[in-house]
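Below: one structure, written as structure tokens.
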Amino acid sequence: MLKKMLAQLGIEEQRVRLDWVSASEGDRFASIINEMTEQVRALGPLSRDNGGKNG
Amino acid sequence: MAKLKLALYWAGACGGCDVAVLDINEKILDVANLADIVFWPIALDFKYHHVEAMKDKAIDVCLFNGAIRSSEQEHLAKLLRAKSKVLVSFGSCACFGGIPALANLTTRAEIMERVYVEAPSNDNPGKTLPQTKTQVAEGELTLPELFESVLTLAQVVPVEYFVPGCPPTVDLILKVVNALATNSLPPVGAVIASNKTLCDECERKKEEKKITKIYRTHEIIPKPDKCLLEQGLLCMGPATRGGCGTLCVKVNIPCRGCFGPPAGVLDQGAKLVSAVASIYQTNGDEDIARMVNEVADPAGTFYRFGLSDSMLKKKRLQRR
Amino acid sequence: MKKVSIDPITRLEGHGKIEIFLNDDGDVANTYFQVPELRGFEKFCEGRPVEELPRIVTRICGV
């Protein structure tokens, strides 16, 4: 539901991810982080508009 | 005690907060005994130049309602801030953005296009849009500049007190009037309402919070004595400040959060997503998908009155 | 041309200003009424659930 709401606020759902990784799953943690980093990088920066009077 | 000098002003507002002050009925006479109202466009004929001519801090208390999204509204906020000892952010629009802040889910350009060009009742073949300066035969006309986003009062000028509500209830207004009369205002920065959530003052029976379906308000007729959230309606009570006397819930409609977030909550909408998702019983992805589908408009519902006051504040547009 | 401004108009709901242009004889040459506010209900109501509209559009005017 958070993803649906963020999409309404202009934030793509690929920028949010929920996963469970235990302390013993070091490799899995690293690969998830790398995947996510590339995913967000491919999307590019968010608009700088942060609700000020000029955007 | 000399009479207080009181001012009331409306920015991006609907007039409801001003009418709410009149809703105190005969007690308005107490206000008249207590204060001289030096500026109140809905009721009195003072002009902007009267305010501009006042000495700084000449006004004792200014109740400022309405959100800020134009240069004129910003100018009046700054002007009244300079001329007032105490500035009160009055009503949900000034405190959180209010309903006008829903405009932060769209853009200024889209609003102008819809209002002045697309709307079916328009007759504007030249697609004329309002301009800040327009030359006419006799001289120049000016209009304020509209901002990209809707802001709260406190995002423009420092504010002493906050009175939430759409509109603030008569009880709350009388509390403010009494505090002024007896010179017993709370510490600066206070929100003049309850410090707890709506749920705390709600008289409905609360049992276990477990739902398997979320209903839209027209889909069921809720039982009057059972918690609305437990009946599957989206009630914003858990993440809304109390102090309104649960007026909406008493007439069997779920709270929409007009009193803003309770003390200690930074972002009302995010808290509501948490609250609703945590009580929905799911057994897998299908149930989750169904729940998400049942909430028709999360941003517009969970941030109904508080978009300007949220962390994101407005829709992030695609960068070109 | 001399201009007389009535700003704001008072004792009604809404924001408005009136600009009155006077000619050299002191007579009114022309008068303009302007509405210096816009909230955008026409646009931001799009996308809201229809059953919520009664609680939204009642905030167009609180009088």
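By order in the structure tokens, chains are A, B, ...; within a chain, residues start at 1; ligands start at 1, following the order shown.
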
Distance filter 7 Å, only C-alpha atoms, chain B against chain C, as a PyMOL selection string: chain B and resi 12+14-16+19+41-45+47-48+99-100+102-103+106+111+114-115+138+143-144+217-218+296-297+300

Members of range 37-258 of chain B assigned strand (DSSP E) by DSSP, as a PyMOL selection string: chain B and resi 37-39+59-65+68-70+84-90+133-136+139-142+146-151+161-163

Once you have the residues from the selection above, write them out as a CSV table (one decimal), in the first residue's frame, restricted to N, CA and C atoms.
chain,number,residue,atom,x,y,z
B,37,ILE,N,-11.8,44.5,17.2
B,37,ILE,CA,-11.3,43.7,16.0
B,37,ILE,C,-10.9,44.8,15.0
B,38,VAL,N,-9.6,44.7,14.6
B,38,VAL,CA,-9.0,45.8,13.8
B,38,VAL,C,-8.9,45.4,12.3
B,39,PHE,N,-9.2,44.1,12.0
B,39,PHE,CA,-9.1,43.7,10.6
B,39,PHE,C,-9.8,42.3,10.6
B,59,ILE,N,-1.1,44.8,16.8
B,59,ILE,CA,-2.1,43.8,17.0
B,59,ILE,C,-1.7,42.9,18.1
B,60,ASP,N,-2.6,42.6,19.0
B,60,ASP,CA,-2.3,41.7,20.1
B,60,ASP,C,-2.3,40.3,19.6
B,61,VAL,N,-3.4,39.9,19.0
B,61,VAL,CA,-3.6,38.5,18.5
B,61,VAL,C,-4.1,38.5,17.1
B,62,CYS,N,-3.5,37.7,16.2
B,62,CYS,CA,-4.1,37.6,14.9
B,62,CYS,C,-4.4,36.1,14.7
B,63,LEU,N,-5.7,35.8,14.3
B,63,LEU,CA,-6.0,34.4,14.0
B,63,LEU,C,-6.0,34.3,12.5
B,64,PHE,N,-5.0,33.6,12.0
B,64,PHE,CA,-4.8,33.5,10.5
B,64,PHE,C,-5.2,32.2,10.0
B,65,ASN,N,-6.3,32.1,9.2
B,65,ASN,CA,-6.7,30.9,8.6
B,65,ASN,C,-6.4,30.8,7.1
B,68,ILE,N,-1.2,28.9,2.2
B,68,ILE,CA,-0.5,30.0,1.5
B,68,ILE,C,-0.1,29.4,0.1
B,69,ARG,N,-0.5,30.0,-1.0
B,69,ARG,CA,0.0,29.6,-2.3
B,69,ARG,C,0.0,30.7,-3.3
B,70,SER,N,0.0,31.9,-2.8
B,70,SER,CA,0.2,33.1,-3.7
B,70,SER,C,1.0,34.1,-3.0
B,84,SER,N,1.7,41.8,14.5
B,84,SER,CA,1.1,41.1,15.6
B,84,SER,C,2.0,40.6,16.7
B,85,LYS,N,1.6,40.7,17.9
B,85,LYS,CA,2.4,40.1,19.0
B,85,LYS,C,2.3,38.6,19.0
B,86,VAL,N,1.0,38.1,18.8
B,86,VAL,CA,0.8,36.7,18.8
B,86,VAL,C,0.1,36.3,17.5
B,87,LEU,N,0.7,35.4,16.8
B,87,LEU,CA,0.1,34.9,15.5
B,87,LEU,C,-0.4,33.5,15.7
B,88,VAL,N,-1.7,33.2,15.5
B,88,VAL,CA,-2.2,31.9,15.6
B,88,VAL,C,-2.5,31.3,14.3
B,89,SER,N,-2.0,30.1,14.0
B,89,SER,CA,-2.3,29.4,12.8
B,89,SER,C,-3.7,28.7,13.1
B,90,PHE,N,-4.7,29.2,12.5
B,90,PHE,CA,-6.1,28.9,12.8
B,90,PHE,C,-6.7,28.0,11.8
B,133,LYS,N,0.8,40.7,-14.6
B,133,LYS,CA,0.6,42.1,-15.0
B,133,LYS,C,-0.2,42.1,-16.3
B,134,THR,N,-1.2,42.9,-16.4
B,134,THR,CA,-1.9,43.0,-17.6
B,134,THR,C,-2.1,44.5,-17.9
B,135,GLN,N,-1.8,44.8,-19.2
B,135,GLN,CA,-2.0,46.2,-19.6
B,135,GLN,C,-3.4,46.4,-20.2
B,136,VAL,N,-4.1,47.4,-19.7
B,136,VAL,CA,-5.4,47.7,-20.2
B,136,VAL,C,-5.3,49.2,-20.7
B,139,GLY,N,-4.5,51.6,-17.9
B,139,GLY,CA,-3.3,51.5,-17.1
B,139,GLY,C,-2.9,50.0,-16.9
B,140,GLU,N,-2.4,49.7,-15.8
B,140,GLU,CA,-1.9,48.3,-15.5
B,140,GLU,C,-2.7,47.7,-14.4
B,141,LEU,N,-3.1,46.4,-14.6
B,141,LEU,CA,-3.7,45.7,-13.6
B,141,LEU,C,-2.8,44.6,-13.1
B,142,THR,N,-2.8,44.3,-11.8
B,142,THR,CA,-1.9,43.2,-11.3
B,142,THR,C,-2.7,42.1,-10.6
B,146,LEU,N,0.9,32.9,-8.5
B,146,LEU,CA,0.6,31.6,-7.8
B,146,LEU,C,1.8,30.8,-7.6
B,147,PHE,N,2.0,30.2,-6.4
B,147,PHE,CA,3.2,29.4,-6.2
B,147,PHE,C,3.0,28.0,-6.8
B,148,GLU,N,4.1,27.3,-6.9
B,148,GLU,CA,4.0,25.9,-7.4
B,148,GLU,C,3.3,25.0,-6.4
B,149,SER,N,3.6,25.3,-5.1
B,149,SER,CA,3.0,24.4,-4.0
B,149,SER,C,2.2,25.2,-3.0
B,150,VAL,N,1.4,24.4,-2.3
B,150,VAL,CA,0.6,25.0,-1.2
B,150,VAL,C,1.4,24.9,0.1
B,151,LEU,N,1.6,25.9,0.9
B,151,LEU,CA,2.4,25.9,2.1
B,151,LEU,C,1.5,26.1,3.3
B,161,TYR,N,0.9,29.8,18.0
B,161,TYR,CA,0.0,28.8,18.4
B,161,TYR,C,-0.7,28.2,17.2
B,162,PHE,N,-1.1,26.9,17.4
B,162,PHE,CA,-1.8,26.2,16.3
B,162,PHE,C,-3.2,25.8,16.9
B,163,VAL,N,-4.2,26.1,16.1
B,163,VAL,CA,-5.6,25.6,16.5
B,163,VAL,C,-6.1,24.8,15.3

Residues flagged alpha helix (DSSP H) by DSSP in chain A, as a PDB file with C-alpha atoms, in the first residue's frame:
ATOM      1  CA  LEU A   2       2.928   2.299   0.700  1.00  0.00           C
ATOM      2  CA  LYS A   3       4.078   1.725  -2.885  1.00  0.00           C
ATOM      3  CA  LYS A   4       0.624   2.654  -4.199  1.00  0.00           C
ATOM      4  CA  MET A   5       0.637   5.849  -2.156  1.00  0.00           C
ATOM      5  CA  LEU A   6       4.188   6.750  -3.138  1.00  0.00           C
ATOM      6  CA  ALA A   7       3.276   6.235  -6.790  1.00  0.00           C
ATOM      7  CA  GLN A   8       0.509   8.801  -6.328  1.00  0.00           C
ATOM      8  CA  GLY A  26      25.967 -11.858   4.109  1.00  0.00           C
ATOM      9  CA  ASP A  27      26.173 -12.710   0.408  1.00  0.00           C
ATOM     10  CA  ARG A  28      22.437 -12.342  -0.066  1.00  0.00           C
ATOM     11  CA  PHE A  29      22.498  -8.982   1.687  1.00  0.00           C
ATOM     12  CA  ALA A  30      25.277  -7.761  -0.596  1.00  0.00           C
ATOM     13  CA  SER A  31      23.549  -8.904  -3.770  1.00  0.00           C
ATOM     14  CA  ILE A  32      20.197  -7.346  -2.753  1.00  0.00           C
ATOM     15  CA  ILE A  33      21.908  -4.032  -1.999  1.00  0.00           C
ATOM     16  CA  ASN A  34      23.758  -4.093  -5.304  1.00  0.00           C
ATOM     17  CA  GLU A  35      20.586  -4.911  -7.230  1.00  0.00           C
ATOM     18  CA  MET A  36      18.695  -2.122  -5.509  1.00  0.00           C
ATOM     19  CA  THR A  37      21.510   0.367  -6.068  1.00  0.00           C
ATOM     20  CA  GLU A  38      21.542  -0.330  -9.801  1.00  0.00           C
ATOM     21  CA  GLN A  39      17.759  -0.209  -9.971  1.00  0.00           C
ATOM     22  CA  VAL A  40      17.598   3.219  -8.329  1.00  0.00           C
ATOM     23  CA  ARG A  41      20.556   4.507 -10.330  1.00  0.00           C
ATOM     24  CA  ALA A  42      18.777   3.538 -13.550  1.00  0.00           C
ATOM     25  CA  LEU A  43      15.743   5.557 -12.465  1.00  0.00           C
TER      26      LEU A  43
END

Distance-based interface of chain B with chain A, 8 Å, counting only C-alpha atoms, as number ranges by chain: B: 69, 104-105, 147-151, 270, 273, 277, 291-292, 297-299, 308, 312-319

Distance of CA of Arg241 in chain B from CA of Val188 in chain B, expressed in Å to one decimal place: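 CA of Arg241 in chain B lies at a distance of 18.4 Å from CA of Val188 in chain B.
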